[in-house]
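Containing mmCIF, C-alpha atoms (C1' of nucleotides): work-v4.cif.
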data_run
#
loop_
_atom_site.label_atom_id
_atom_site.label_comp_id
_atom_site.auth_asym_id
_atom_site.auth_seq_id
_atom_site.Cartn_x
_atom_site.Cartn_y
_atom_site.Cartn_z
CA MET V 1 -13.89 -28.34 -11.47
CA ALA V 2 -17.04 -27.79 -13.54
CA ARG V 3 -17.74 -30.28 -16.24
CA LYS V 4 -16.20 -29.65 -19.58
CA LYS V 5 -17.77 -29.92 -22.98
CA SER V 6 -17.38 -33.43 -24.27
CA GLN V 7 -17.06 -34.15 -27.95
CA THR V 8 -17.28 -32.24 -31.20
CA GLU V 9 -18.16 -28.72 -30.23
CA SER V 10 -19.23 -25.59 -32.00
CA ASN V 11 -17.29 -22.78 -30.41
CA THR V 12 -19.77 -20.10 -31.31
CA GLU V 13 -22.48 -21.76 -29.30
CA ALA V 14 -20.14 -22.26 -26.41
CA ALA V 15 -19.24 -18.59 -26.38
CA GLU V 16 -22.89 -17.67 -26.32
CA THR V 17 -23.52 -20.00 -23.44
CA ALA V 18 -20.62 -18.48 -21.55
CA ARG V 19 -22.01 -15.02 -22.11
CA ARG V 20 -25.24 -15.95 -20.45
CA ALA V 21 -24.18 -17.94 -17.40
CA PRO V 22 -20.48 -17.46 -16.93
CA MET V 23 -18.56 -19.31 -14.24
CA ARG V 24 -20.65 -18.78 -11.17
CA ASP V 25 -18.52 -21.00 -9.01
CA PHE V 26 -15.21 -19.47 -9.99
CA SER V 27 -16.19 -15.90 -9.32
CA ARG V 28 -17.50 -16.91 -5.92
CA SER V 29 -14.18 -17.95 -4.47
CA LEU V 30 -13.11 -16.17 -1.32
CA PRO V 31 -10.13 -14.41 -2.88
CA MET V 32 -12.31 -13.11 -5.69
CA SER V 33 -15.00 -11.95 -3.28
CA LEU V 34 -12.44 -10.04 -1.26
CA LEU V 35 -10.80 -8.60 -4.34
CA ARG V 36 -14.03 -7.38 -5.84
CA ALA V 37 -15.28 -5.91 -2.59
CA ARG V 38 -12.07 -4.04 -2.05
CA GLU V 39 -12.03 -2.79 -5.61
CA ALA V 40 -15.61 -1.55 -5.26
CA VAL V 41 -14.52 0.42 -2.21
CA MET V 42 -11.32 1.82 -3.64
CA ARG V 43 -13.03 2.83 -6.84
CA GLN V 44 -14.78 5.46 -4.76
CA PHE V 45 -11.59 6.94 -3.37
CA ARG V 46 -9.18 6.81 -6.25
CA PRO V 47 -10.48 9.76 -8.31
CA SER V 48 -10.30 12.12 -5.35
CA LEU V 49 -6.80 10.97 -4.45
CA ARG V 50 -5.76 11.27 -8.04
CA ASN V 51 -7.03 14.85 -8.15
CA HIS V 52 -4.54 15.59 -5.41
CA GLY V 53 -1.70 13.74 -7.11
CA LEU V 54 -1.69 10.83 -4.70
CA THR V 55 -1.89 7.10 -5.21
CA GLU V 56 -3.65 4.87 -2.78
CA GLN V 57 -0.40 3.71 -1.23
CA GLN V 58 1.09 7.18 -0.96
CA TRP V 59 -2.03 8.26 0.85
CA ARG V 60 -1.81 5.29 3.23
CA ILE V 61 1.69 6.32 4.16
CA LEU V 62 0.93 9.99 4.70
CA ARG V 63 -2.21 9.10 6.60
CA ALA V 64 -0.25 6.80 8.89
CA LEU V 65 2.37 9.47 9.47
CA THR V 66 -0.25 11.92 10.72
CA THR V 67 -0.88 9.70 13.72
CA VAL V 68 2.69 9.68 15.02
CA ASP V 69 5.51 12.14 15.48
CA ALA V 70 8.03 9.91 13.79
CA ILE V 71 8.35 6.26 12.90
CA GLU V 72 10.96 3.85 11.66
CA VAL V 73 10.68 2.51 8.15
CA THR V 74 10.11 -1.10 9.13
CA GLU V 75 7.36 -0.17 11.53
CA LEU V 76 5.79 2.06 8.90
CA ALA V 77 5.79 -0.83 6.47
CA ARG V 78 3.97 -2.95 9.01
CA VAL V 79 1.38 -0.29 9.78
CA ALA V 80 0.73 0.82 6.20
CA PHE V 81 0.81 -2.82 5.09
CA LEU V 82 3.38 -2.38 2.37
CA LEU V 83 6.36 -4.53 1.51
CA GLY V 84 9.78 -3.08 2.10
CA PRO V 85 10.72 -2.53 -1.53
CA SER V 86 7.48 -0.73 -2.33
CA LEU V 87 7.83 1.46 0.70
CA SER V 88 11.43 2.23 -0.16
CA ARG V 89 10.47 3.52 -3.59
CA ILE V 90 7.49 5.49 -2.36
CA LEU V 91 9.46 7.15 0.44
CA ARG V 92 12.09 8.20 -2.07
CA ASP V 93 9.41 9.89 -4.16
CA LEU V 94 7.56 11.45 -1.23
CA GLU V 95 10.83 12.81 0.08
CA ALA V 96 11.66 14.30 -3.32
CA ARG V 97 8.25 15.97 -3.29
CA GLN V 98 9.05 17.23 0.21
CA LEU V 99 5.93 15.65 1.66
CA ILE V 100 7.93 13.74 4.25
CA GLU V 101 11.23 14.12 6.07
CA ARG V 102 13.71 11.38 6.74
CA ARG V 103 16.69 11.20 9.01
CA THR V 104 18.94 8.53 10.38
CA ALA V 105 18.62 7.28 13.93
CA LYS V 106 21.60 8.32 15.99
CA ALA V 107 21.65 5.18 18.06
CA ASP V 108 21.56 2.81 15.09
CA LEU V 109 22.78 4.07 11.74
CA ARG V 110 20.91 1.33 9.93
CA ARG V 111 17.55 2.69 10.89
CA ALA V 112 15.79 5.57 9.18
CA VAL V 113 13.11 7.62 10.91
CA VAL V 114 10.36 9.20 8.86
CA SER V 115 7.94 11.98 9.66
CA ILE V 116 5.41 14.01 7.70
CA SER V 117 6.35 17.55 6.67
CA ALA V 118 4.25 20.68 6.98
CA LYS V 119 3.59 20.47 3.26
CA GLY V 120 2.52 16.87 3.64
CA LEU V 121 0.18 17.75 6.47
CA LYS V 122 -1.38 20.46 4.38
CA LEU V 123 -1.97 18.01 1.55
CA ILE V 124 -3.58 15.51 3.90
CA GLU V 125 -5.84 18.20 5.26
CA ALA V 126 -6.89 19.06 1.73
CA VAL V 127 -7.79 15.49 0.89
CA ALA V 128 -9.31 14.41 4.20
CA PRO V 129 -12.73 16.09 3.90
CA THR V 130 -13.57 14.36 0.64
CA SER V 131 -12.24 11.04 1.88
CA GLU V 132 -14.23 11.26 5.04
CA ALA V 133 -17.35 12.18 3.12
CA ILE V 134 -16.92 9.16 0.89
CA TYR V 135 -16.31 6.90 3.85
CA ALA V 136 -19.42 8.28 5.53
CA GLU V 137 -21.46 7.65 2.39
CA ILE V 138 -20.23 4.06 2.21
CA THR V 139 -21.04 3.55 5.87
CA SER V 140 -24.47 5.02 5.37
CA ARG V 141 -25.26 2.91 2.32
CA TYR V 142 -24.07 -0.33 3.81
CA GLY V 143 -25.11 0.33 7.38
CA ALA V 144 -22.81 1.21 10.24
CA ARG V 145 -23.64 -1.87 12.26
CA LYS V 146 -23.23 -4.21 9.33
CA LEU V 147 -19.95 -2.55 8.46
CA ALA V 148 -18.60 -3.10 11.95
CA GLU V 149 -19.72 -6.70 11.82
CA LEU V 150 -18.06 -7.20 8.47
CA GLN V 151 -14.80 -5.82 9.76
CA ASP V 152 -14.98 -8.06 12.78
CA MET V 153 -15.44 -11.06 10.54
CA LEU V 154 -12.53 -10.00 8.38
CA GLY V 155 -10.36 -9.66 11.46
CA VAL V 156 -11.33 -13.12 12.64
CA LEU V 157 -10.57 -14.55 9.23
CA GLU V 158 -7.20 -12.88 9.20
CA ARG V 159 -6.29 -14.17 12.63
CA SER V 160 -7.54 -17.66 11.90
CA LEU V 161 -5.11 -17.89 9.00
CA VAL V 162 -2.05 -16.59 10.78
CA ALA V 163 -1.52 -19.90 12.50
CA MET V 164 -2.01 -21.82 9.27
CA GLU V 165 1.48 -22.64 8.11
CA VAL V 166 2.07 -22.16 4.45
CA ALA V 167 1.15 -25.41 2.79
CA GLY V 168 2.95 -24.76 -0.48
CA GLU V 169 6.00 -26.97 -0.60
CA GLU V 170 4.42 -30.33 -1.23
CA SER V 171 6.38 -31.73 -4.14
CA GLY V 172 9.88 -31.97 -2.79
CA GLU V 173 11.86 -28.96 -3.76
CA ILE V 174 13.84 -29.19 -0.56
CA GLU V 175 17.22 -28.12 -1.80
CA GLU V 176 18.60 -24.63 -1.26
CA MET W 1 -6.13 7.65 18.44
CA ALA W 2 -3.64 6.06 20.83
CA ARG W 3 -2.47 8.69 23.25
CA LYS W 4 0.69 10.38 22.17
CA LYS W 5 3.73 11.05 24.23
CA SER W 6 3.33 14.28 26.14
CA GLN W 7 6.29 16.50 26.78
CA THR W 8 10.01 16.29 26.33
CA GLU W 9 10.38 13.15 24.34
CA SER W 10 13.31 11.13 23.22
CA ASN W 11 12.54 9.82 19.75
CA THR W 12 13.68 6.42 20.73
CA GLU W 13 10.98 6.26 23.33
CA ALA W 14 8.41 7.49 20.85
CA ALA W 15 9.36 4.74 18.47
CA GLU W 16 8.97 2.23 21.26
CA THR W 17 5.53 3.56 22.06
CA ALA W 18 4.51 3.26 18.43
CA ARG W 19 5.71 -0.30 18.39
CA ARG W 20 3.37 -1.21 21.19
CA ALA W 21 0.12 0.54 20.31
CA PRO W 22 0.33 1.82 16.79
CA MET W 23 -2.52 3.58 15.00
CA ARG W 24 -5.45 1.41 15.84
CA ASP W 25 -7.94 3.58 13.99
CA PHE W 26 -5.99 3.80 10.77
CA SER W 27 -5.44 0.10 10.39
CA ARG W 28 -9.13 -0.47 10.99
CA SER W 29 -10.37 1.29 7.89
CA LEU W 30 -12.46 -0.80 5.54
CA PRO W 31 -9.97 -0.82 2.68
CA MET W 32 -7.23 -1.94 5.04
CA SER W 33 -9.40 -4.65 6.55
CA LEU W 34 -10.20 -6.00 3.11
CA LEU W 35 -6.60 -5.77 1.98
CA ARG W 36 -5.25 -7.60 5.00
CA ALA W 37 -7.88 -10.30 4.86
CA ARG W 38 -7.23 -10.94 1.22
CA GLU W 39 -3.51 -10.99 1.74
CA ALA W 40 -3.90 -13.49 4.59
CA VAL W 41 -5.83 -15.74 2.23
CA MET W 42 -3.54 -15.37 -0.76
CA ARG W 43 -0.47 -15.96 1.34
CA GLN W 44 -1.69 -19.54 1.66
CA PHE W 45 -1.98 -20.09 -2.08
CA ARG W 46 0.98 -18.25 -3.53
CA PRO W 47 3.75 -20.72 -2.65
CA SER W 48 1.92 -23.62 -4.26
CA LEU W 49 1.20 -21.61 -7.39
CA ARG W 50 4.77 -20.45 -7.48
CA ASN W 51 6.00 -24.03 -7.35
CA HIS W 52 4.13 -24.57 -10.56
CA GLY W 53 5.40 -21.41 -12.20
CA LEU W 54 2.12 -19.54 -11.99
CA THR W 55 1.20 -16.17 -10.57
CA GLU W 56 -2.09 -15.56 -8.94
CA GLN W 57 -3.47 -13.80 -12.00
CA GLN W 58 -2.24 -16.40 -14.45
CA TRP W 59 -3.96 -19.01 -12.35
CA ARG W 60 -7.18 -17.01 -12.31
CA ILE W 61 -7.16 -16.91 -16.09
CA LEU W 62 -6.42 -20.58 -16.61
CA ARG W 63 -8.94 -21.51 -13.96
CA ALA W 64 -11.59 -19.42 -15.68
CA LEU W 65 -10.75 -21.00 -19.01
CA THR W 66 -11.37 -24.50 -17.66
CA THR W 67 -15.04 -23.66 -17.22
CA VAL W 68 -15.70 -22.72 -20.85
CA ASP W 69 -14.71 -23.97 -24.25
CA ALA W 70 -13.70 -20.56 -25.49
CA ILE W 71 -14.21 -16.98 -24.47
CA GLU W 72 -13.60 -13.53 -25.84
CA VAL W 73 -10.90 -11.42 -24.28
CA THR W 74 -13.20 -8.73 -22.92
CA GLU W 75 -15.47 -11.27 -21.32
CA LEU W 76 -12.47 -13.05 -19.84
CA ALA W 77 -11.29 -9.77 -18.35
CA ARG W 78 -14.66 -9.32 -16.71
CA VAL W 79 -14.77 -12.82 -15.31
CA ALA W 80 -11.17 -12.99 -14.10
CA PHE W 81 -11.48 -9.43 -12.82
CA LEU W 82 -8.46 -8.09 -14.61
CA LEU W 83 -8.01 -4.85 -16.50
CA GLY W 84 -7.51 -5.07 -20.23
CA PRO W 85 -3.86 -4.13 -20.30
CA SER W 86 -2.94 -6.67 -17.63
CA LEU W 87 -4.87 -9.38 -19.40
CA SER W 88 -3.27 -8.49 -22.71
CA ARG W 89 0.21 -8.97 -21.30
CA ILE W 90 -0.63 -12.15 -19.46
CA LEU W 91 -2.30 -13.72 -22.49
CA ARG W 92 0.77 -12.97 -24.56
CA ASP W 93 2.92 -14.81 -22.03
CA LEU W 94 0.53 -17.72 -21.56
CA GLU W 95 0.30 -18.11 -25.32
CA ALA W 96 4.10 -18.13 -25.61
CA ARG W 97 4.18 -20.87 -22.99
CA GLN W 98 1.53 -22.71 -25.01
CA LEU W 99 -0.83 -22.88 -22.06
CA ILE W 100 -3.61 -21.22 -24.03
CA GLU W 101 -4.66 -20.85 -27.66
CA ARG W 102 -5.92 -17.72 -29.30
CA ARG W 103 -7.63 -17.10 -32.60
CA THR W 104 -9.56 -14.30 -34.24
CA ALA W 105 -13.33 -14.31 -34.45
CA LYS W 106 -14.45 -14.75 -38.02
CA ALA W 107 -17.47 -12.50 -37.69
CA ASP W 108 -15.56 -9.59 -36.11
CA LEU W 109 -11.87 -9.33 -36.78
CA ARG W 110 -11.37 -7.09 -33.76
CA ARG W 111 -12.31 -9.81 -31.34
CA ALA W 112 -9.99 -12.53 -30.13
CA VAL W 113 -11.20 -15.81 -28.73
CA VAL W 114 -9.15 -17.64 -26.13
CA SER W 115 -9.21 -21.22 -24.93
CA ILE W 116 -7.04 -23.37 -22.72
CA SER W 117 -4.67 -25.87 -24.33
CA ALA W 118 -4.11 -29.48 -23.39
CA LYS W 119 -0.88 -28.45 -21.75
CA GLY W 120 -2.71 -25.77 -19.80
CA LEU W 121 -5.32 -28.23 -18.66
CA LYS W 122 -2.62 -30.59 -17.46
CA LEU W 123 -1.02 -27.81 -15.46
CA ILE W 124 -4.31 -26.87 -13.86
CA GLU W 125 -4.94 -30.46 -12.94
CA ALA W 126 -1.55 -30.60 -11.29
CA VAL W 127 -2.21 -27.51 -9.18
CA ALA W 128 -5.87 -28.08 -8.35
CA PRO W 129 -5.50 -30.71 -5.61
CA THR W 130 -3.26 -28.55 -3.47
CA SER W 131 -5.41 -25.48 -4.05
CA GLU W 132 -8.54 -27.31 -3.12
CA ALA W 133 -6.89 -28.71 -0.01
CA ILE W 134 -5.86 -25.22 1.06
CA TYR W 135 -9.32 -23.88 0.40
CA ALA W 136 -10.81 -26.72 2.41
CA GLU W 137 -8.46 -26.00 5.29
CA ILE W 138 -9.41 -22.33 5.27
CA THR W 139 -13.08 -23.23 5.20
CA SER W 140 -12.59 -25.64 8.05
CA ARG W 141 -10.66 -23.18 10.19
CA TYR W 142 -13.02 -20.30 9.68
CA GLY W 143 -16.22 -22.30 9.51
CA ALA W 144 -18.19 -23.07 6.39
CA ARG W 145 -21.29 -21.24 7.54
CA LYS W 146 -19.38 -18.16 8.61
CA LEU W 147 -17.51 -18.18 5.33
CA ALA W 148 -20.73 -18.23 3.36
CA GLU W 149 -22.08 -15.42 5.48
CA LEU W 150 -18.92 -13.38 4.95
CA GLN W 151 -19.15 -13.80 1.20
CA ASP W 152 -22.77 -12.77 1.27
CA MET W 153 -21.86 -9.62 3.13
CA LEU W 154 -19.07 -8.89 0.70
CA GLY W 155 -21.47 -9.29 -2.19
CA VAL W 156 -23.94 -6.94 -0.60
CA LEU W 157 -21.22 -4.39 0.01
CA GLU W 158 -20.09 -4.63 -3.58
CA ARG W 159 -23.59 -4.17 -4.94
CA SER W 160 -24.37 -1.32 -2.57
CA LEU W 161 -21.43 0.60 -4.01
CA VAL W 162 -22.15 0.02 -7.66
CA ALA W 163 -24.88 2.62 -7.62
CA MET W 164 -22.69 5.12 -5.79
CA GLU W 165 -21.41 7.43 -8.46
CA VAL W 166 -17.75 8.20 -8.22
CA ALA W 167 -17.12 11.33 -6.19
CA GLY W 168 -15.21 14.13 -7.84
CA GLU W 169 -17.58 14.21 -10.77
CA GLU W 170 -20.95 14.75 -9.16
CA SER W 171 -22.91 13.54 -12.18
CA GLY W 172 -22.37 17.08 -13.49
CA GLU W 173 -19.34 16.76 -15.70
CA ILE W 174 -21.06 15.10 -18.67
CA GLU W 175 -18.57 14.79 -21.46
CA GLU W 176 -14.86 15.29 -21.97
"C1'" DC Y 1 38.75 -8.46 18.77
"C1'" DA Y 2 38.29 -10.48 14.33
"C1'" DA Y 3 35.29 -13.50 11.72
"C1'" DT Y 4 30.61 -14.18 11.05
"C1'" DA Y 5 25.88 -13.84 11.40
"C1'" DT Y 6 22.02 -10.79 11.65
"C1'" DC Y 7 19.54 -6.66 10.80
"C1'" DA Y 8 17.56 -2.49 8.35
"C1'" DC Y 9 17.04 -1.05 4.58
"C1'" DT Y 10 17.84 -0.54 -0.61
"C1'" DT Y 11 18.29 -2.21 -5.51
"C1'" DA Y 12 17.28 -5.28 -9.02
"C1'" DA Y 13 14.26 -7.80 -11.95
"C1'" DC Y 14 10.10 -9.15 -13.41
"C1'" DA Y 15 4.80 -9.21 -13.10
"C1'" DT Y 16 0.68 -6.64 -12.46
"C1'" DG Y 17 -2.36 -2.26 -11.54
"C1'" DT Y 18 -3.79 1.93 -13.63
"C1'" DT Y 19 -4.71 5.51 -16.91
"C1'" DA Y 20 -4.04 7.35 -21.48
"C1'" DA Y 21 -3.02 6.77 -26.21
"C1'" DT Y 22 -2.91 3.99 -30.30
"C1'" DC Y 23 -4.47 0.75 -33.99
"C1'" DA Y 24 -7.46 -1.81 -36.59
"C1'" DT Y 25 -12.00 -3.00 -37.52
"C1'" DA Y 26 -17.17 -1.98 -37.23
"C1'" DT Y 27 -20.97 0.82 -37.09
"C1'" DT Y 28 -23.51 5.02 -37.87
"C1'" DC Y 29 -25.11 8.75 -40.26
"C1'" DC Y 30 -25.11 11.97 -44.03
"C1'" DG Q 1 -20.49 4.78 -50.24
"C1'" DG Q 2 -17.55 7.43 -47.27
"C1'" DA Q 3 -16.44 10.47 -43.42
"C1'" DA Q 4 -17.20 10.52 -38.59
"C1'" DT Q 5 -17.60 7.87 -34.68
"C1'" DA Q 6 -17.60 3.83 -31.72
"C1'" DT Q 7 -15.61 -0.54 -30.23
"C1'" DG Q 8 -12.10 -4.45 -29.11
"C1'" DA Q 9 -7.64 -5.08 -28.21
"C1'" DT Q 10 -3.04 -3.69 -27.64
"C1'" DT Q 11 0.79 -0.63 -26.41
"C1'" DA Q 12 2.89 3.02 -23.59
"C1'" DA Q 13 4.22 4.98 -19.34
"C1'" DC Q 14 4.47 5.06 -14.72
"C1'" DA Q 15 3.49 3.06 -9.89
"C1'" DT Q 16 3.23 -0.90 -6.99
"C1'" DG Q 17 3.53 -6.17 -5.77
"C1'" DT Q 18 6.79 -9.79 -5.13
"C1'" DT Q 19 10.97 -12.31 -4.51
"C1'" DA Q 20 15.96 -12.34 -4.53
"C1'" DA Q 21 20.27 -10.15 -3.99
"C1'" DG Q 22 23.12 -6.36 -2.38
"C1'" DT Q 23 25.00 -2.92 1.13
"C1'" DG Q 24 26.34 -1.08 5.19
"C1'" DA Q 25 25.83 -1.26 10.23
"C1'" DT Q 26 25.29 -3.83 14.36
"C1'" DA Q 27 25.25 -7.90 17.23
"C1'" DT Q 28 27.34 -12.60 18.23
"C1'" DT Q 29 30.60 -15.73 18.79
"C1'" DG Q 30 34.91 -18.02 19.10
#

Starting from the coordinates I provided, produce the structure as structure tokens.
Amino acid sequence: MARKKSQTESNTEAAETARRAPMRDFSRSLPMSLLRAREAVMRQFRPSLRNHGLTEQQWRILRALTTVDAIEVTELARVAFLLGPSLSRILRDLEARQLIERRTAKADLRRAVVSISAKGLKLIEAVAPTSEAIYAEITSRYGARKLAELQDMLGVLERSLVAMEVAGEESGEIEE
Amino acid sequence: MARKKSQTESNTEAAETARRAPMRDFSRSLPMSLLRAREAVMRQFRPSLRNHGLTEQQWRILRALTTVDAIEVTELARVAFLLGPSLSRILRDLEARQLIERRTAKADLRRAVVSISAKGLKLIEAVAPTSEAIYAEITSRYGARKLAELQDMLGVLERSLVAMEVAGEESGEIEE
DNA sequence: CAATATCACTTAACATGTTAATCATATTCC
DNA sequence: GGAATATGATTAACATGTTAAGTGATATTG
């Protein structure tokens, strides 16, 4: 875990040292690499979405809804990769803004079925050109082939971790 | 785009169709690939961190602090890849839990300098073995070489987007 | 068929992400 | 030197991430 300073230290000097060569190892961890890469990508999209009054997650949901006639909430959560509570809140807001429509399944009153509204479709169509242009620019800068390869590798990584059971509960907190 | 149902459809059937082959294209976008990969990785670490009363971000901060004697808040934000407001809140909490120490720079009263406390170091040392074991397991499953290659590609992606000015303000919009 | 478990959300509570505004100190420029 | 401006950090406000608990509907079981 990177050697620490040893004895009597001057903090000013240490701060200067840190400014010059700061924590190479730490910032190279896999989670950090993924986080920074994703942030670099999303930084490109956010301003455009914001101009249309949409957050990243709201856009994910509307975008997903354009590819189906209707979909149940749980399935939508899976596809848009959102947790239930987040999705619940966002759907409430999108429904209030009349960008989506929601109704209850007749066969099972527990289930709600969601679909995009005409207004929602119009909004998506307004945003899509810019988004696609940005995506094309990213692809062009990074290289289409390399991009496909990267996504393959990410998919493999994801699948190789699915089987890996969560290792967390080492120290016995068995109760409950 | 996954063929849609054709004519007279019962919504139940449509939902079933979506369950089987849902939105391949959408879930293959780069942001989604990165998000899912990162989530797959973090899912391994979160339970262990949680057992020690730490969130992912709190751990990032403490971990970063172990590699320096002291560091200014802005620099810490850069290294731990957190926005100022998030860091501000987290530092307040970590300070209240006496896991870090904070003091004001003598030369510039605006700047705060943060360092990890003995208690914080002890906590990190308690978490580190499990974290390192998980990281080793991930590396082993995915392959060390492949992992290094993936991180290289992520770094290249990140750097190739830095130059890409944010769309929506085509370098025109100078001030205000 | 009634008690119970399970399921599909939804709410609650707290932590962080994100942008804008604020506050105090530093720096610049006249 | 002092007003204008810039900078470091925090606070505010709102949206989402995350886990736990709640609610109503459906499935299971005895």

Take the PyMOL selection byres ((chain V and resi 52) around 12), apply it to the structure above, and return the hits as a short mmCIF file (atom, residue, chain, number, x, y, z; two decimals) with C-alpha atoms, in the frame of the given file.
data_model
loop_
_atom_site.label_atom_id
_atom_site.label_comp_id
_atom_site.auth_asym_id
_atom_site.auth_seq_id
_atom_site.Cartn_x
_atom_site.Cartn_y
_atom_site.Cartn_z
CA PHE V 45 -11.59 6.94 -3.37
CA ARG V 46 -9.18 6.81 -6.25
CA PRO V 47 -10.48 9.76 -8.31
CA SER V 48 -10.30 12.12 -5.35
CA LEU V 49 -6.80 10.97 -4.45
CA ARG V 50 -5.76 11.27 -8.04
CA ASN V 51 -7.03 14.85 -8.15
CA GLY V 53 -1.70 13.74 -7.11
CA LEU V 54 -1.69 10.83 -4.70
CA THR V 55 -1.89 7.10 -5.21
CA GLU V 56 -3.65 4.87 -2.78
CA GLN V 58 1.09 7.18 -0.96
CA TRP V 59 -2.03 8.26 0.85
CA GLY V 120 2.52 16.87 3.64
CA LYS V 122 -1.38 20.46 4.38
CA LEU V 123 -1.97 18.01 1.55
CA ILE V 124 -3.58 15.51 3.90
CA GLU V 125 -5.84 18.20 5.26
CA ALA V 126 -6.89 19.06 1.73
CA VAL V 127 -7.79 15.49 0.89
CA ALA V 128 -9.31 14.41 4.20
CA THR V 130 -13.57 14.36 0.64
CA SER V 131 -12.24 11.04 1.88
CA GLY W 168 -15.21 14.13 -7.84
#

- Message: Please find the residues of chain Q near chain W - the criterion being any atom within 9 Å, counting all atoms listed in the file - and write them as an MDAnalysis selection string.
- Response: chainID Q and resid 7:11

Within 12 Å of chain W, which residues of chain Y show up? Give each one with its shortest atom-to-atom distance in Å (one decimal) and the two atoms involved, counting only C-alpha atoms (C1' of nucleotides), rows by chain then rising residue number, as JSON lines.
{"residue": "Y:DC14", "atom": "C1'", "partner": "W:Thr55", "partner_atom": "CA", "distance": 11.7}
{"residue": "Y:DA15", "atom": "C1'", "partner": "W:Thr55", "partner_atom": "CA", "distance": 8.2}
{"residue": "Y:DT16", "atom": "C1'", "partner": "W:Ser86", "partner_atom": "CA", "distance": 6.3}
{"residue": "Y:DG17", "atom": "C1'", "partner": "W:Ser86", "partner_atom": "CA", "distance": 7.5}
{"residue": "Y:DT18", "atom": "C1'", "partner": "W:Leu83", "partner_atom": "CA", "distance": 8.5}
{"residue": "Y:DT19", "atom": "C1'", "partner": "W:Pro85", "partner_atom": "CA", "distance": 10.3}
{"residue": "Y:DA20", "atom": "C1'", "partner": "W:Pro85", "partner_atom": "CA", "distance": 11.5}
{"residue": "Y:DC23", "atom": "C1'", "partner": "W:Arg110", "partner_atom": "CA", "distance": 10.4}
{"residue": "Y:DA24", "atom": "C1'", "partner": "W:Arg110", "partner_atom": "CA", "distance": 7.2}
{"residue": "Y:DT25", "atom": "C1'", "partner": "W:Arg110", "partner_atom": "CA", "distance": 5.6}
{"residue": "Y:DA26", "atom": "C1'", "partner": "W:Asp108", "partner_atom": "CA", "distance": 7.9}
{"residue": "Y:DT27", "atom": "C1'", "partner": "W:Asp108", "partner_atom": "CA", "distance": 11.8}

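Distances to chain W were evaluated for V:Leu121, V:Ala144, V:Ala77, V:Ile138 using only C-alpha atoms, and the minimum falls at V:Ile138.
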
- Looking at all atoms listed in the file, which of V:Ala105, V:Ala80, V:Leu154, V:Leu35 is the one that sits closest to DA25 (chain Q)? V:Ala105

- d(CA of Arg63 (chain W), CA of Gly155 (chain V)) in Å: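 Rounded to one decimal, the two atoms are 28.1 Å apart.
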
- Message: On this structure, the PyMOL selection byres ((chain V and resi 30) around 12) would catch which residues? List them as number ranges by chain, sorted by chain and number.
- Response: V: 25-29, 31-37, 154, 157; W: 34, 37-42, 45, 134-136, 138-139, 142, 144, 146-155

Go ahead and save the picked residues with C-alpha atoms, as a CSV table (one decimal), in the coordinates of the input.
chain,number,residue,atom,x,y,z
V,25,ASP,CA,-18.5,-21.0,-9.0
V,26,PHE,CA,-15.2,-19.5,-10.0
V,27,SER,CA,-16.2,-15.9,-9.3
V,28,ARG,CA,-17.5,-16.9,-5.9
V,29,SER,CA,-14.2,-18.0,-4.5
V,31,PRO,CA,-10.1,-14.4,-2.9
V,32,MET,CA,-12.3,-13.1,-5.7
V,33,SER,CA,-15.0,-12.0,-3.3
V,34,LEU,CA,-12.4,-10.0,-1.3
V,35,LEU,CA,-10.8,-8.6,-4.3
V,36,ARG,CA,-14.0,-7.4,-5.8
V,37,ALA,CA,-15.3,-5.9,-2.6
V,154,LEU,CA,-12.5,-10.0,8.4
V,157,LEU,CA,-10.6,-14.6,9.2
W,34,LEU,CA,-10.2,-6.0,3.1
W,37,ALA,CA,-7.9,-10.3,4.9
W,38,ARG,CA,-7.2,-10.9,1.2
W,39,GLU,CA,-3.5,-11.0,1.7
W,40,ALA,CA,-3.9,-13.5,4.6
W,41,VAL,CA,-5.8,-15.7,2.2
W,42,MET,CA,-3.5,-15.4,-0.8
W,45,PHE,CA,-2.0,-20.1,-2.1
W,134,ILE,CA,-5.9,-25.2,1.1
W,135,TYR,CA,-9.3,-23.9,0.4
W,136,ALA,CA,-10.8,-26.7,2.4
W,138,ILE,CA,-9.4,-22.3,5.3
W,139,THR,CA,-13.1,-23.2,5.2
W,142,TYR,CA,-13.0,-20.3,9.7
W,144,ALA,CA,-18.2,-23.1,6.4
W,146,LYS,CA,-19.4,-18.2,8.6
W,147,LEU,CA,-17.5,-18.2,5.3
W,148,ALA,CA,-20.7,-18.2,3.4
W,149,GLU,CA,-22.1,-15.4,5.5
W,150,LEU,CA,-18.9,-13.4,5.0
W,151,GLN,CA,-19.2,-13.8,1.2
W,152,ASP,CA,-22.8,-12.8,1.3
W,153,MET,CA,-21.9,-9.6,3.1
W,154,LEU,CA,-19.1,-8.9,0.7
W,155,GLY,CA,-21.5,-9.3,-2.2

- Query: CA of Arg102 (chain W) and CA of Arg78 (chain W), how far apart in Å?
  - Reply: 17.5 Å

- Got a sec: who's within 12 Å of DA21 (chain Q), counting only C-alpha atoms (C1' of nucleotides), leaving out chain neighbours fewer than 4 positions off, as number ranges by chain? Y: 10-13

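C1' of DC29 (chain Y) lies 25.9 Å from CA of Lys106 (chain W).
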
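Among W:Ser117, W:Ser140, W:Gln98, W:Ser160, the residue with the shortest atom-to-atom distance to chain V, counting only C-alpha atoms, is W:Ser160.
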